[in-house]
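Source file: model-v6.cif. Holds: mmCIF, C-alpha atoms.
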data_protein
#
loop_
_atom_site.label_atom_id
_atom_site.label_comp_id
_atom_site.auth_asym_id
_atom_site.auth_seq_id
_atom_site.Cartn_x
_atom_site.Cartn_y
_atom_site.Cartn_z
CA MET E 1 51.18 54.64 -29.49
CA VAL E 2 50.22 50.98 -29.46
CA PRO E 3 52.23 49.48 -32.31
CA GLU E 4 51.01 46.65 -34.48
CA GLY E 5 52.12 43.31 -33.09
CA ARG E 6 52.43 44.87 -29.59
CA ARG E 7 56.25 45.03 -29.57
CA LEU E 8 56.60 44.34 -25.85
CA PHE E 9 60.11 43.97 -24.45
CA PRO E 10 60.55 40.22 -23.88
CA SER E 11 63.21 40.50 -21.20
CA LEU E 12 61.20 42.94 -19.12
CA THR E 13 58.46 42.04 -16.68
CA VAL E 14 54.90 43.29 -17.10
CA GLU E 15 55.46 46.14 -14.69
CA GLU E 16 58.80 47.07 -16.27
CA ASN E 17 57.18 47.17 -19.68
CA LEU E 18 54.54 49.52 -18.33
CA LEU E 19 57.20 51.71 -16.73
CA MET E 20 58.89 52.12 -20.09
CA GLY E 21 55.95 54.33 -20.97
CA THR E 22 56.93 56.86 -18.34
CA LEU E 23 60.23 57.68 -20.04
CA SER E 24 58.62 60.46 -22.03
CA GLY E 25 58.19 62.30 -18.73
CA ARG E 26 54.72 63.72 -19.44
CA GLN E 27 52.58 64.19 -16.35
CA GLY E 28 48.96 63.16 -16.35
CA ALA E 29 46.21 61.05 -14.93
CA TRP E 30 47.66 57.72 -15.94
CA ASN E 31 50.02 55.79 -13.69
CA LEU E 32 50.61 52.20 -12.66
CA ALA E 33 47.64 52.17 -10.30
CA ARG E 34 45.24 53.46 -12.97
CA VAL E 35 46.44 50.91 -15.53
CA PHE E 36 46.06 48.11 -12.99
CA LYS E 37 42.54 49.30 -12.27
CA LEU E 38 41.72 49.25 -15.97
CA PHE E 39 43.25 45.80 -16.50
CA PRO E 40 43.24 44.05 -13.08
CA ILE E 41 44.82 40.92 -14.54
CA LEU E 42 48.04 42.89 -15.11
CA GLN E 43 48.35 43.62 -11.41
CA GLU E 44 48.20 39.92 -10.71
CA LYS E 45 50.95 39.26 -13.25
CA ARG E 46 53.02 42.37 -12.72
CA TYR E 47 56.24 40.51 -11.89
CA MET E 48 55.91 37.91 -14.63
CA PRO E 49 57.91 38.12 -17.84
CA SER E 50 55.80 39.76 -20.52
CA THR E 51 56.32 36.77 -22.81
CA SER E 52 54.48 34.48 -20.39
CA LEU E 53 51.19 36.32 -20.92
CA SER E 54 48.46 35.41 -23.39
CA GLY E 55 48.09 37.48 -26.53
CA GLY E 56 45.20 39.47 -25.13
CA GLN E 57 47.04 40.20 -21.89
CA GLN E 58 50.08 41.27 -23.88
CA GLN E 59 47.85 43.65 -25.81
CA MET E 60 46.65 45.06 -22.50
CA VAL E 61 50.27 45.65 -21.51
CA ALA E 62 50.90 47.40 -24.84
CA ILE E 63 47.88 49.65 -24.32
CA GLY E 64 48.81 50.26 -20.70
CA ARG E 65 52.37 51.11 -21.68
CA ALA E 66 51.10 53.66 -24.19
CA LEU E 67 48.72 55.14 -21.59
CA MET E 68 51.56 55.51 -19.09
CA SER E 69 53.05 58.17 -21.34
CA ASN E 70 49.89 60.23 -20.87
CA PRO E 71 49.40 61.08 -24.52
CA ARG E 72 46.75 63.50 -25.76
CA LEU E 73 46.06 61.17 -28.67
CA LEU E 74 46.41 57.42 -28.30
CA LEU E 75 47.24 55.62 -31.55
CA CYS E 76 46.21 51.96 -31.69
CA ASP E 77 47.38 49.97 -34.67
CA GLU E 78 45.38 46.77 -35.21
CA ILE E 79 44.87 45.93 -31.58
CA SER E 80 42.58 43.03 -32.46
CA LEU E 81 45.17 41.37 -34.67
CA GLY E 82 45.48 37.67 -33.94
CA LEU E 83 43.27 37.70 -30.87
CA ALA E 84 40.22 35.57 -30.06
CA PRO E 85 36.86 37.38 -30.45
CA VAL E 86 36.10 37.14 -26.74
CA VAL E 87 39.45 38.71 -25.91
CA ILE E 88 38.91 41.45 -28.48
CA ARG E 89 35.57 42.31 -26.84
CA GLU E 90 37.24 42.44 -23.46
CA ILE E 91 39.87 44.87 -24.70
CA TYR E 92 37.41 47.06 -26.54
CA ALA E 93 35.24 47.18 -23.42
CA ALA E 94 38.09 48.99 -21.68
CA LEU E 95 38.32 51.73 -24.28
CA PRO E 96 35.37 53.93 -23.16
CA SER E 97 36.96 54.51 -19.77
CA ILE E 98 40.11 55.73 -21.51
CA VAL E 99 38.24 58.24 -23.66
CA GLU E 100 36.14 59.40 -20.71
CA GLU E 101 38.77 61.81 -19.49
CA GLY E 102 39.25 63.60 -22.74
CA MET E 103 41.99 61.52 -24.33
CA SER E 104 41.42 61.02 -28.05
CA LEU E 105 41.75 57.59 -29.53
CA LEU E 106 42.68 56.73 -33.09
CA ILE E 107 42.14 53.08 -33.92
CA VAL E 108 43.12 51.25 -37.06
CA GLU E 109 40.73 48.32 -37.28
CA GLN E 110 39.80 45.90 -40.04
CA ASP E 111 36.65 44.65 -38.34
CA VAL E 112 34.20 47.22 -39.71
CA GLN E 113 31.37 46.35 -37.37
CA LEU E 114 33.58 46.65 -34.33
CA ALA E 115 35.06 49.90 -35.54
CA MET E 116 31.56 51.36 -36.08
CA GLN E 117 30.46 50.32 -32.59
CA VAL E 118 33.28 51.86 -30.62
CA SER E 119 34.06 54.98 -32.59
CA SER E 120 32.41 58.34 -32.99
CA ARG E 121 33.85 58.98 -36.44
CA VAL E 122 34.88 56.57 -39.15
CA VAL E 123 37.29 57.19 -41.98
CA CYS E 124 37.81 54.64 -44.75
CA LEU E 125 41.15 54.75 -46.46
CA GLN E 126 41.77 53.15 -49.79
CA GLU E 127 45.26 53.14 -51.22
CA GLY E 128 46.13 56.10 -49.09
CA LEU E 129 43.12 58.19 -50.07
CA VAL E 130 40.06 58.92 -47.97
CA SER E 131 37.20 57.13 -49.69
CA LEU E 132 34.55 57.70 -47.03
CA GLU E 133 34.27 59.76 -43.91
CA GLY E 134 31.47 60.37 -41.45
CA LYS E 135 29.88 59.93 -38.04
CA SER E 136 29.84 56.25 -37.08
CA GLY E 137 26.10 56.21 -36.44
CA GLU E 138 25.17 57.77 -39.73
CA LEU E 139 27.02 55.55 -42.16
CA THR E 140 25.44 52.37 -43.50
CA ARG E 141 27.17 49.13 -44.24
CA ASP E 142 26.41 49.55 -47.93
CA GLN E 143 28.19 52.86 -48.03
CA ILE E 144 31.22 51.30 -46.41
CA SER E 145 31.23 48.28 -48.69
CA LYS E 146 31.12 50.66 -51.59
CA ALA E 147 33.96 52.72 -50.22
CA TYR E 148 35.99 49.58 -49.64
CA PHE E 149 35.41 47.61 -52.79
CA GLY E 150 34.16 50.25 -55.15
CA ILE E 151 30.93 48.32 -55.90
CA MET K 152 94.21 20.28 -3.75
CA THR K 153 92.32 22.92 -1.79
CA GLU K 154 95.10 25.34 -2.55
CA ILE K 155 94.89 24.73 -6.31
CA ILE K 156 91.15 25.35 -6.23
CA LEU K 157 91.55 28.48 -4.17
CA GLN K 158 94.34 29.93 -6.33
CA GLY K 159 92.34 29.03 -9.43
CA LEU K 160 89.27 30.84 -8.18
CA LEU K 161 91.31 33.90 -7.24
CA LEU K 162 92.86 33.98 -10.71
CA GLY K 163 89.37 33.56 -12.14
CA GLY K 164 88.27 36.67 -10.23
CA LEU K 165 90.69 38.75 -12.28
CA TYR K 166 89.49 37.10 -15.48
CA ALA K 167 85.94 37.97 -14.50
CA LEU K 168 86.93 41.64 -14.42
CA PHE K 169 88.49 41.22 -17.88
CA ALA K 170 85.26 39.71 -19.14
CA LEU K 171 82.44 41.69 -17.50
CA GLY K 172 82.86 44.71 -19.77
CA GLN K 173 82.80 42.45 -22.79
CA SER K 174 79.69 40.73 -21.49
CA LEU K 175 77.98 44.08 -20.89
CA MET K 176 78.73 45.47 -24.34
CA PHE K 177 77.66 42.29 -26.03
CA GLY K 178 74.51 42.04 -23.94
CA VAL K 179 73.32 45.56 -24.65
CA MET K 180 74.28 46.10 -28.27
CA ARG K 181 75.53 42.77 -29.63
CA LEU K 182 78.89 44.42 -30.10
CA THR K 183 81.94 42.20 -29.89
CA ASN K 184 84.80 44.37 -28.78
CA THR K 185 87.91 42.71 -30.21
CA ALA K 186 90.02 45.47 -28.66
CA GLN K 187 88.88 44.54 -25.13
CA GLY K 188 92.29 43.20 -24.13
CA ASP K 189 94.14 46.19 -25.53
CA PHE K 190 91.82 48.57 -23.74
CA ILE K 191 92.59 46.70 -20.50
CA ILE K 192 96.31 47.12 -21.12
CA LEU K 193 95.74 50.76 -22.07
CA GLY K 194 93.90 51.20 -18.77
CA GLY K 195 96.83 49.61 -16.96
CA PHE K 196 99.37 51.93 -18.57
CA PHE K 197 97.12 54.89 -17.99
CA ALA K 198 96.97 53.99 -14.29
CA ILE K 199 100.77 53.69 -14.19
CA SER K 200 101.18 57.12 -15.78
CA MET K 201 98.54 58.65 -13.55
CA VAL K 202 100.30 57.39 -10.43
CA ALA K 203 103.68 58.53 -11.74
CA ALA K 204 102.38 61.98 -12.67
CA THR K 205 100.36 62.76 -9.57
CA GLY K 206 102.21 60.83 -6.91
CA LEU K 207 98.97 59.26 -5.74
CA SER K 208 99.04 55.76 -4.31
CA ALA K 209 98.07 53.01 -6.74
CA GLY K 210 94.66 52.53 -5.19
CA TRP K 211 93.74 56.20 -5.38
CA GLY K 212 95.19 56.45 -8.88
CA LEU K 213 92.87 53.66 -9.95
CA LEU K 214 89.90 55.43 -8.38
CA VAL K 215 90.77 58.59 -10.30
CA ILE K 216 91.01 56.91 -13.70
CA ILE K 217 87.72 55.04 -13.38
CA PRO K 218 85.50 58.10 -14.00
CA ILE K 219 87.84 59.19 -16.80
CA ALA K 220 87.42 55.73 -18.32
CA TYR K 221 83.65 56.20 -18.21
CA LEU K 222 83.92 59.39 -20.22
CA ALA K 223 86.35 57.80 -22.67
CA GLY K 224 84.04 54.83 -23.18
CA TYR K 225 81.04 57.10 -23.56
CA ALA K 226 82.78 59.20 -26.20
CA LEU K 227 84.18 56.19 -28.04
CA GLN K 228 80.75 54.64 -28.35
CA ARG K 229 78.98 57.87 -29.17
CA PHE K 230 81.33 59.08 -31.85
CA VAL K 231 82.97 55.95 -33.22
CA LEU K 232 81.32 52.65 -32.41
CA ASN K 233 77.68 53.72 -32.79
CA GLY K 234 78.37 54.25 -36.48
CA THR K 235 79.38 50.62 -36.84
CA LEU K 236 76.29 49.05 -35.32
CA GLY K 237 73.67 47.42 -37.47
CA ARG K 238 72.40 44.12 -38.67
CA ASP K 239 75.82 43.24 -39.98
CA PRO K 240 78.31 42.51 -37.17
CA LEU K 241 81.30 42.86 -39.50
CA PRO K 242 81.83 46.67 -39.37
CA SER K 243 82.08 46.71 -35.57
CA LEU K 244 84.47 43.74 -35.62
CA VAL K 245 86.69 45.43 -38.18
CA VAL K 246 86.67 48.77 -36.37
CA THR K 247 87.48 47.32 -32.95
CA PHE K 248 90.14 45.15 -34.54
CA GLY K 249 91.62 48.29 -36.05
CA LEU K 250 91.46 50.01 -32.68
CA SER K 251 93.32 47.06 -31.21
CA ILE K 252 96.21 47.55 -33.64
CA ILE K 253 96.25 51.31 -33.11
CA ILE K 254 96.35 50.94 -29.31
CA GLN K 255 99.12 48.35 -29.39
CA ASN K 256 101.33 50.53 -31.57
CA LEU K 257 100.50 53.68 -29.68
CA LEU K 258 101.50 52.02 -26.41
CA LEU K 259 104.65 50.67 -28.01
CA GLU K 260 105.53 54.18 -29.21
CA ILE K 261 104.90 55.81 -25.86
CA TYR K 262 106.04 53.19 -23.37
CA SER K 263 108.39 51.01 -25.46
CA ALA K 264 108.16 47.24 -25.31
CA ASP K 265 109.42 46.99 -21.73
CA PRO K 266 107.00 45.37 -19.34
CA ARG K 267 105.94 47.63 -16.50
CA SER K 268 103.85 47.29 -13.41
CA LEU K 269 101.91 49.43 -11.02
CA GLU K 270 103.79 49.66 -7.72
CA VAL K 271 101.51 48.99 -4.79
CA GLY K 272 104.11 48.52 -2.08
CA ASN K 273 103.69 45.86 0.57
CA ILE K 274 100.23 44.77 -0.38
CA ALA K 275 101.53 43.11 -3.58
CA LEU K 276 103.41 40.57 -1.51
CA ALA K 277 101.28 40.53 1.61
CA SER K 278 99.53 37.30 2.39
CA PHE K 279 98.01 35.44 5.26
CA SER K 280 97.85 31.80 6.14
CA LEU K 281 94.79 29.69 6.65
CA SER K 282 95.95 26.46 8.27
CA ASP K 283 98.41 25.28 5.60
CA ILE K 284 97.20 27.47 2.72
CA THR K 285 98.67 30.86 1.94
CA ILE K 286 96.39 33.45 0.39
CA GLY K 287 97.66 36.67 -1.19
CA VAL K 288 95.89 39.82 -0.07
CA LEU K 289 95.88 41.39 -3.54
CA PRO K 290 94.35 38.39 -5.35
CA LEU K 291 91.74 38.12 -2.62
CA LEU K 292 90.96 41.81 -2.95
CA THR K 293 90.71 41.41 -6.73
CA PHE K 294 88.36 38.48 -6.30
CA GLY K 295 86.22 40.51 -3.92
CA ILE K 296 86.07 43.40 -6.37
CA ALA K 297 85.07 41.02 -9.19
CA VAL K 298 82.21 39.53 -7.18
CA PHE K 299 81.13 42.99 -6.05
CA ALA K 300 81.22 44.28 -9.64
CA THR K 301 79.10 41.35 -10.79
CA ILE K 302 76.54 42.00 -8.06
CA CYS K 303 76.45 45.72 -8.93
CA LEU K 304 76.04 45.07 -12.65
CA GLN K 305 73.30 42.52 -12.10
CA ALA K 306 71.50 44.87 -9.70
CA LEU K 307 71.90 47.76 -12.14
CA PHE K 308 70.32 45.66 -14.86
CA SER K 309 67.53 44.24 -12.72
CA TYR K 310 66.41 47.11 -10.54
CA THR K 311 67.27 50.49 -12.04
CA SER K 312 65.64 52.44 -14.81
CA LEU K 313 68.99 52.58 -16.62
CA GLY K 314 69.13 48.80 -16.53
CA ARG K 315 65.58 48.66 -17.85
CA SER K 316 66.64 50.90 -20.71
CA PHE K 317 69.62 48.64 -21.44
CA ARG K 318 67.39 45.60 -21.67
CA ALA K 319 64.71 47.37 -23.66
CA VAL K 320 67.15 48.68 -26.25
CA SER K 321 68.72 45.25 -26.48
CA ASP K 322 65.30 43.61 -26.99
CA ASP K 323 63.79 45.91 -29.55
CA ARG K 324 65.63 49.04 -30.54
CA GLU K 325 62.74 50.53 -32.53
CA ALA K 326 60.13 49.96 -29.85
CA ALA K 327 62.51 51.51 -27.32
CA GLN K 328 62.79 54.57 -29.54
CA LEU K 329 59.00 54.76 -29.60
CA MET K 330 59.11 55.00 -25.81
CA GLY K 331 61.37 58.03 -26.12
CA LEU K 332 64.72 56.32 -25.51
CA LYS K 333 67.71 57.44 -27.52
CA PRO K 334 69.66 54.25 -28.32
CA ALA K 335 72.81 56.21 -29.20
CA ILE K 336 72.91 57.60 -25.65
CA VAL K 337 71.96 54.33 -23.98
CA TYR K 338 74.70 52.52 -25.89
CA ALA K 339 77.21 55.19 -24.91
CA GLN K 340 76.26 54.77 -21.24
CA ALA K 341 76.70 51.00 -21.52
CA THR K 342 80.15 51.35 -23.04
CA GLY K 343 81.03 53.95 -20.41
CA ILE K 344 80.25 51.46 -17.66
CA ALA K 345 82.11 48.71 -19.52
CA PHE K 346 85.15 50.98 -19.68
CA MET K 347 85.04 51.59 -15.94
CA LEU K 348 85.38 47.82 -15.53
CA ILE K 349 88.11 47.73 -18.17
CA ALA K 350 90.13 50.40 -16.34
CA LEU K 351 89.67 48.56 -13.06
CA ALA K 352 90.79 45.31 -14.67
CA GLY K 353 93.80 47.00 -16.27
CA GLY K 354 94.90 48.58 -13.02
CA LEU K 355 94.59 45.33 -11.09
CA GLN K 356 96.39 43.40 -13.80
CA ALA K 357 99.26 45.92 -13.66
CA MET K 358 99.37 45.52 -9.87
CA ARG K 359 99.39 41.76 -10.01
CA THR K 360 102.02 41.34 -12.69
CA THR K 361 103.78 43.29 -15.40
CA ILE K 362 102.02 44.51 -18.51
CA ALA K 363 103.45 45.08 -21.98
CA PRO K 364 101.83 46.68 -25.04
CA SER K 365 101.48 43.32 -26.79
CA ASP K 366 99.59 41.62 -23.93
CA GLY K 367 96.14 42.67 -25.09
CA PRO K 368 95.14 39.82 -27.43
CA MET K 369 95.88 37.24 -24.74
CA LEU K 370 93.61 39.03 -22.28
CA LEU K 371 90.93 39.33 -24.96
CA LEU K 372 91.08 35.59 -25.37
CA PHE K 373 90.55 35.04 -21.63
CA ALA K 374 87.68 37.53 -21.60
CA PHE K 375 86.12 35.90 -24.63
CA GLU K 376 86.39 32.42 -23.20
CA ALA K 377 84.89 33.48 -19.90
CA VAL K 378 81.94 35.20 -21.59
CA ILE K 379 81.22 32.28 -23.91
CA ILE K 380 81.65 29.59 -21.26
CA GLY K 381 79.24 31.47 -19.03
CA GLY K 382 76.71 32.16 -21.76
CA MET K 383 76.55 35.44 -23.64
CA GLY K 384 74.86 38.31 -21.88
CA SER K 385 74.57 36.90 -18.35
CA PHE K 386 76.81 38.46 -15.70
CA TRP K 387 76.67 35.61 -13.20
CA GLY K 388 77.40 33.29 -16.11
CA THR K 389 80.43 35.40 -16.99
CA LEU K 390 81.67 35.27 -13.40
CA VAL K 391 81.25 31.51 -13.23
CA GLY K 392 82.86 31.13 -16.66
CA ALA K 393 85.84 33.19 -15.54
CA LEU K 394 86.22 31.23 -12.30
CA LEU K 395 86.06 27.98 -14.23
CA LEU K 396 88.71 29.25 -16.63
CA GLY K 397 90.97 30.33 -13.78
CA LEU K 398 90.49 27.02 -12.04
CA THR K 399 91.27 24.97 -15.14
CA GLN K 400 94.36 27.02 -15.90
CA GLN K 401 95.59 26.61 -12.35
CA ILE K 402 95.13 22.85 -12.52
CA GLY K 403 97.07 22.85 -15.81
CA PHE K 404 99.85 24.95 -14.28
CA ARG K 405 100.20 22.42 -11.49
CA LEU K 406 100.48 19.48 -13.86
CA ASP K 407 103.11 21.24 -15.94
CA PRO K 408 104.07 24.93 -15.85
CA GLY K 409 103.59 25.15 -19.61
CA TRP K 410 100.13 23.63 -19.66
CA GLY K 411 98.07 26.19 -17.78
CA ILE K 412 96.78 28.38 -20.59
CA TRP K 413 96.53 25.43 -22.93
CA PHE K 414 94.35 23.64 -20.37
CA GLY K 415 92.07 26.67 -20.23
CA HIS K 416 91.65 26.64 -24.01
CA LEU K 417 91.00 22.92 -23.91
CA MET K 418 88.22 23.34 -21.37
CA PHE K 419 86.79 26.14 -23.49
CA LEU K 420 86.71 23.84 -26.52
CA VAL K 421 85.02 21.11 -24.51
CA VAL K 422 82.32 23.57 -23.39
CA LEU K 423 81.87 24.75 -26.99
CA VAL K 424 81.36 21.18 -28.17
CA ILE K 425 79.08 20.03 -25.36
CA ARG K 426 77.19 23.23 -24.63
CA PRO K 427 77.75 25.82 -27.35
CA GLN K 428 75.18 28.20 -25.87
CA GLY K 429 77.25 28.45 -22.68
CA LEU K 430 76.43 27.32 -19.17
CA PHE K 431 73.87 30.00 -18.32
CA PRO K 432 72.56 31.46 -21.54
CA LYS K 433 70.26 34.39 -20.95
CA THR K 434 70.29 35.84 -24.40
CA ARG K 435 67.07 35.83 -26.29
CA GLY K 436 67.03 34.93 -29.94
#
Just give me the structure as structure tokens.
Amino acid sequence: MVPEGRRLFPSLTVEENLLMGTLSGRQGAWNLARVFKLFPILQEKRYMPSTSLSGGQQQMVAIGRALMSNPRLLLCDEISLGLAPVVIREIYAALPSIVEEGMSLLIVEQDVQLAMQVSSRVVCLQEGLVSLEGKSGELTRDQISKAYFGI
Amino acid sequence: MTEIILQGLLLGGLYALFALGQSLMFGVMRLTNTAQGDFIILGGFFAISMVAATGLSAGWGLLVIIPIAYLAGYALQRFVLNGTLGRDPLPSLVVTFGLSIIIQNLLLEIYSADPRSLEVGNIALASFSLSDITIGVLPLLTFGIAVFATICLQALFSYTSLGRSFRAVSDDREAAQLMGLKPAIVYAQATGIAFMLIALAGGLQAMRTTIAPSDGPMLLLFAFEAVIIGGMGSFWGTLVGALLLGLTQQIGFRLDPGWGIWFGHLMFLVVLVIRPQGLFPKTRG
């Protein structure tokens, strides 16, 4: 689970934040070394306080922390929130290598275009109800606009 | 002059032991234990009874009660104090204040108002001389234990996974729960460790001087002052705060035997006015 707003522990270092993910005790492919390979910048800053990182780097820590628990389904809530477009692209570029090994990824994302690009299935929710559902490649923007705004 | 400083620091070592448990509980769960002093006295009486009942020497008796104190602290937090935690600090203040009254009266009922002490034999009076200064063995030992306890606590917080859990729960309780931590258990462990320090402090206080059931609030005051002077939630800060308090009191005692404690309070007030966040604040907002 990658909570909205990252929710890192401010008094823990980058590495300590990542290690918090291991508390669940599930075994799997993800460990410190794998996370550092995915986000090399975190290895450089592993002993720094998590608050000293930029927003994008903090998001990487949040994703890495969630991966450390080796979930079958990774939930990402608004991981692009408040980040610069270039940073968002950088983070999204890392996602395919996470899915590669069979982990499922559920992303809540307001940027429709981005969501369509990275996902295999898209679900539009409106006031708690599913207003549109389908394979990402097969839906058109018009359909989505309609599902969103009802026009 | 050197002697005043030395005696002050040694006294401060004992105060540090009074205060470390307080500092730990506040640091982890923002809980202000207003019964801290009474728990110290309770620990002291418990040590006295333990030694009387088993015939152990005072040192061994103290070692035996420390793990018991852990369990007592764990249970107290798990079943009583956890229920008082929340955004509002008032419930925990009221409950620990109530505990303070209960403990005082319980001790009065069991042990009467007579002051007692923990007999340690020769070591209580033993001392050695360094040029023209005489240093008591027991105060020096107490000081050593205080410094050692501070080092252990700081290392526990910085380098162990338990310490990581303490900091994480203190930072963001909900996010810590998301990681699979159970705050109720983590809090209980923190209070357990705090109570080990409380028992240690109580035993050493009973060795150094006499203790009476009504002594608690005074010790609470010393613990409080040390924690706040040092900056809430930092163990080295607490140690330095306690040493400073001991030193100031000692200087006061030298000027006039009635001024010691008053001098300590005065210094505390000065720190509050000049640097209300304490000397080494580590607490995050």
Item to check | Proximal residues of chain K relative to chain E (only C-alpha atoms; 8 Å) as a list in words | outcome: Arg315, Ser316, Arg318, Ala319, Asp322, Asp323, Ala326, Leu329, Met330, Gly331, Leu332 and Arg435 of chain K
Next on the checklist: Taking the file as I've supplied it (selection: the PyMOL selection byres ((chain K and resi 226-228) around 9)), which residues are included? Please answer as number ranges by chain.
Outcome noted: K: 221-225, 229-234, 335-336, 338-343
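The closest residue to K:Ile362, picked from K:Glu260, K:Asp239, K:Asp265, K:Glu154 and counting only C-alpha atoms, is K:Asp265.
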Checklist entry - When the PyMOL selection byres ((chain E and resi 119-134) around 12) is applied to the file above, which residues end up in the set, as a PyMOL selection string? => result chain E and resi 92+95-96+99+104-118+135-150
Item to check | Selection near K:Leu394, 12 Å with only C-alpha atoms, sequence-local residues under 5 positions removed, as a VMD selection string | outcome: chain K and resid 156 to 170 294 297 to 298 373 to 374 376 to 378 380 to 381 387 to 389 399 to 401 415
Could you please give me, as a compact mmCIF listing (two decimals) with C-alpha atoms, in the coordinates of the input, the residues of protein, DNA or RNA lying at most 12 Å from (92.0, 42.2, -23.5) in the coordinate frame of the file, considering only C-alpha atoms?
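So part32.txt came out as:
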# COMPACT_ATOMS: atom_id res chain seq x y z
CA LEU K 165 90.69 38.75 -12.28
CA TYR K 166 89.49 37.10 -15.48
CA ALA K 167 85.94 37.97 -14.50
CA LEU K 168 86.93 41.64 -14.42
CA PHE K 169 88.49 41.22 -17.88
CA ALA K 170 85.26 39.71 -19.14
CA LEU K 171 82.44 41.69 -17.50
CA GLY K 172 82.86 44.71 -19.77
CA GLN K 173 82.80 42.45 -22.79
CA THR K 183 81.94 42.20 -29.89
CA ASN K 184 84.80 44.37 -28.78
CA THR K 185 87.91 42.71 -30.21
CA ALA K 186 90.02 45.47 -28.66
CA GLN K 187 88.88 44.54 -25.13
CA GLY K 188 92.29 43.20 -24.13
CA ASP K 189 94.14 46.19 -25.53
CA PHE K 190 91.82 48.57 -23.74
CA ILE K 191 92.59 46.70 -20.50
CA ILE K 192 96.31 47.12 -21.12
CA LEU K 193 95.74 50.76 -22.07
CA GLY K 194 93.90 51.20 -18.77
CA GLY K 195 96.83 49.61 -16.96
CA THR K 247 87.48 47.32 -32.95
CA PHE K 248 90.14 45.15 -34.54
CA SER K 251 93.32 47.06 -31.21
CA ILE K 254 96.35 50.94 -29.31
CA GLN K 255 99.12 48.35 -29.39
CA PHE K 346 85.15 50.98 -19.68
CA LEU K 348 85.38 47.82 -15.53
CA ILE K 349 88.11 47.73 -18.17
CA ALA K 350 90.13 50.40 -16.34
CA ALA K 352 90.79 45.31 -14.67
CA GLY K 353 93.80 47.00 -16.27
CA GLN K 356 96.39 43.40 -13.80
CA ILE K 362 102.02 44.51 -18.51
CA ALA K 363 103.45 45.08 -21.98
CA PRO K 364 101.83 46.68 -25.04
CA SER K 365 101.48 43.32 -26.79
CA ASP K 366 99.59 41.62 -23.93
CA GLY K 367 96.14 42.67 -25.09
CA PRO K 368 95.14 39.82 -27.43
CA MET K 369 95.88 37.24 -24.74
CA LEU K 370 93.61 39.03 -22.28
CA LEU K 371 90.93 39.33 -24.96
CA LEU K 372 91.08 35.59 -25.37
CA PHE K 373 90.55 35.04 -21.63
CA ALA K 374 87.68 37.53 -21.60
CA PHE K 375 86.12 35.90 -24.63
CA GLU K 376 86.39 32.42 -23.20
CA ALA K 377 84.89 33.48 -19.90
